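Take a look at the structure set out below.
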Amino acid sequence: MMPPIDHPAIPAPRIGVLLINLGTPDAPEPRAVKRYLGEFLSDRRVVELPAIAWQPILRGIILTTRPKKSAHAYSQVWSEQGSPLAAITRAQAEGLKGAFGPEVLVDWGMRYGNPSIGERLRAMKAAGCERILLAPLYPQYCAATTATANDKAFEALAQMRWQPAIRTLPPYYDHPAYIAALAQTVREDLAKLPFTPDVVMASFHGMPQRTLELGDPYHCHCQKTGRLLSEALGMELVGAFQSRFGRAKWLGPATDTTLAELARAGKRRIAIVAPGFSADCVETLEELAIRGRETFMEAGGTEFAYLPCLNAEPAGHEMLRSILAAELAGWLPAA
């Protein structure tokens, strides 16, 4: 039956996949960084303190001192394509175009900053996506990453009269495709080095110790990723946690401290990989590749190499295609 002449246009039904990552400032300058940090550090999933206690500290101290320092860090890794995290996440989405058939739209959004999750969900719905897979690109589950990304998506969905059906990507910290992709790229990158490392280190983003005590599985997920990657490579990786913030006790051992201790213990050559990041960003390109190198060399190291994330390279692309296809099962037409 034909719809009435004055019936609103309805796009053909489609399926959507929304890749989600943390976010980035719009520019490597203090004002943009302040906006970004204000949103990020106001998230109750990120800083689990009462707002009445935390907001005066955030607005009165942190946002008046930290943006300039962080802007400098971003400026060291910014490129013609903009923020590395945004450029790589965009490339990951573009690389998956057509991977699941012409009826599947792959898009990307950021939990903080632009493009926002809500903006992209509304665009996908307007394009006809009646079913959407939310895909936070965090291999290891953490309430401050995976959960808050899903929270933001459902906040946008709460404003929709006609909601799409929704699925969410589970953490993939021990997925065979993820471990295989990591092992392949680490082997290839190690083979390209002009030296043989005394130690290969795996650095994960840190979280407060309190998150583990409250039941967050993040620490356990990181430990299992490290163990499985060690087994796949046939070598023991040294695990550590980076990006400490504030005075609270954080998961350890700390990456910067461990780098210095290894150098002082006579380990002169080191390679470091960041298996908790799906794309290179300021935490890997500036904190590890630049400041990590400085820490290691100043403590007596002689050779240092940072090994890139999976990014939008072939192994990373195939890994994403594999795990996303599994979550789309039942939605896609039978082969």
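Quick note on naming: the chains in the structure tokens go A, B, ... in the order shown, residues restart at 1 in each chain, and ligands are numbered from 1 in order of appearance.
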Per-residue nearest contacts range 151-192 of chain A to range 6-20 of chain A, cut-off 10 Å, using only C-alpha atoms, as JSON lines:
```
{"residue": "A:Ala153", "atom": "CA", "partner": "A:Ile20", "partner_atom": "CA", "distance": 9.8}
{"residue": "A:Pro164", "atom": "CA", "partner": "A:Ile15", "partner_atom": "CA", "distance": 9.3}
{"residue": "A:Ala165", "atom": "CA", "partner": "A:Ile15", "partner_atom": "CA", "distance": 9.5}
{"residue": "A:Ile166", "atom": "CA", "partner": "A:Gly16", "partner_atom": "CA", "distance": 9.5}
{"residue": "A:Arg167", "atom": "CA", "partner": "A:Val17", "partner_atom": "CA", "distance": 9.5}
{"residue": "A:Thr168", "atom": "CA", "partner": "A:Leu18", "partner_atom": "CA", "distance": 9.7}
{"residue": "A:Leu169", "atom": "CA", "partner": "A:Leu19", "partner_atom": "CA", "distance": 9.6}
```
For the interface of range 218-324 of chain A with range 92-110 of chain A (cut-off 10 Å, counting only C-alpha atoms), please tabulate each contacting residue of range 218-324 of chain A alongside its nearest pair of atoms and their separation in Å to one decimal, rows sorted by chain and increasing number, as a tab-separated table.
```
residue	atom	partner	partner_atom	distance
A:Ser278	CA	A:Gln92	CA	9.9
A:Ala279	CA	A:Gln92	CA	9.1
A:Asn311	CA	A:Gln92	CA	7.2
A:Ala312	CA	A:Gln92	CA	5.0
A:Glu313	CA	A:Gln92	CA	8.5
A:Pro314	CA	A:Gly95	CA	9.3
A:Gly316	CA	A:Gln92	CA	8.6
A:His317	CA	A:Gln92	CA	6.9
A:Glu318	CA	A:Leu96	CA	9.1
A:Leu320	CA	A:Leu96	CA	8.3
A:Arg321	CA	A:Leu96	CA	7.0
A:Ser322	CA	A:Ala99	CA	9.9
A:Leu324	CA	A:Phe100	CA	9.1
```
Exercise for review: Using only C-alpha atoms, pick whichever of A:Met207, A:Leu332, A:Leu259, A:Val282 has the shortest atom-to-atom distance to Gln76 in chain A.
Suggested key: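 Between A:Met207, A:Leu332, A:Leu259, A:Val282, the residue approaching Gln76 in chain A most closely is A:Val282.
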DSSP-assigned strand (DSSP E) among range 1-73 of chain A, expressed as a list in words: Arg14, Ile15, Gly16, Val17, Leu18, Leu19, Ile20, Asn21, Leu22, Gly23 and Thr24 of chain A
For Arg244 in chain A, work out the shell of residues within 8 Å, counting only C-alpha atoms and skipping chain neighbours fewer than 2 positions away, then give it as a JSON list (two decimals) with N, CA, C and O atoms, in the first residue's frame.
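Contents of out.json, as written:
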```json
[["chain", "number", "residue", "atom", "x", "y", "z"],
["A", 206, "GLY", "N", 46.23, 3.78, 33.38],
["A", 206, "GLY", "CA", 45.99, 3.56, 34.79],
["A", 206, "GLY", "C", 44.57, 3.90, 35.22],
["A", 206, "GLY", "O", 43.85, 4.64, 34.54],
["A", 207, "MET", "N", 44.17, 3.36, 36.35],
["A", 207, "MET", "CA", 42.90, 3.67, 37.01],
["A", 207, "MET", "C", 43.16, 3.70, 38.52],
["A", 207, "MET", "O", 44.07, 3.02, 39.00],
["A", 242, "GLN", "N", 50.02, 3.51, 33.25],
["A", 242, "GLN", "CA", 50.46, 4.89, 33.04],
["A", 242, "GLN", "C", 49.37, 5.89, 33.41],
["A", 242, "GLN", "O", 48.27, 5.52, 33.84],
["A", 246, "GLY", "N", 46.34, 12.96, 40.23],
["A", 246, "GLY", "CA", 45.89, 13.21, 41.60],
["A", 246, "GLY", "C", 46.69, 12.43, 42.63],
["A", 246, "GLY", "O", 47.66, 11.76, 42.32],
["A", 250, "TRP", "N", 46.90, 4.58, 42.75],
["A", 250, "TRP", "CA", 46.49, 4.06, 41.44],
["A", 250, "TRP", "C", 47.01, 2.64, 41.25],
["A", 250, "TRP", "O", 47.91, 2.18, 41.96],
["A", 254, "ALA", "N", 53.73, 1.62, 38.27],
["A", 254, "ALA", "CA", 53.61, 2.77, 37.38],
["A", 254, "ALA", "C", 54.60, 2.65, 36.22],
["A", 254, "ALA", "O", 55.75, 2.24, 36.41]]
```
Item to complete: Could you give me, as an MDAnalysis selection string, the residues within 7 Å of range 175-181 of chain A, counting only C-alpha atoms and dropping anything in the same chain fewer than 5 positions from it?
Response: chainID A and resid 228:229 315:316 319
Would you mind listing what lies within 12 Å of Pro84 in chain A as JSON, numbers by chain, with only C-alpha atoms counted and same-chain residues fewer than 2 positions away left out?
{"A": [21, 23, 24, 25, 26, 27, 28, 74, 75, 76, 77, 78, 79, 80, 81, 82, 86, 87, 88, 89, 90, 91, 278, 279, 280, 281, 282, 283, 284, 285, 286, 308, 309, 311, 312]}
query: Within 12 Å of Leu212 in chain A, counting only C-alpha atoms, which residues qualify if same-chain residues fewer than 4 places away don't, as an MDAnalysis selection string?
result: chainID A and resid 141:143 206:208 216:222 249:252
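What separates CA of Leu22 in chain A from CA of Ile57 in chain A is a distance of 22.8 Å.
Restricting the calculation to only C-alpha atoms, the smallest distance between Ala183 in chain A and any of A:Leu134, A:Ile117, A:Leu310, A:Ala263 is found for A:Leu310.
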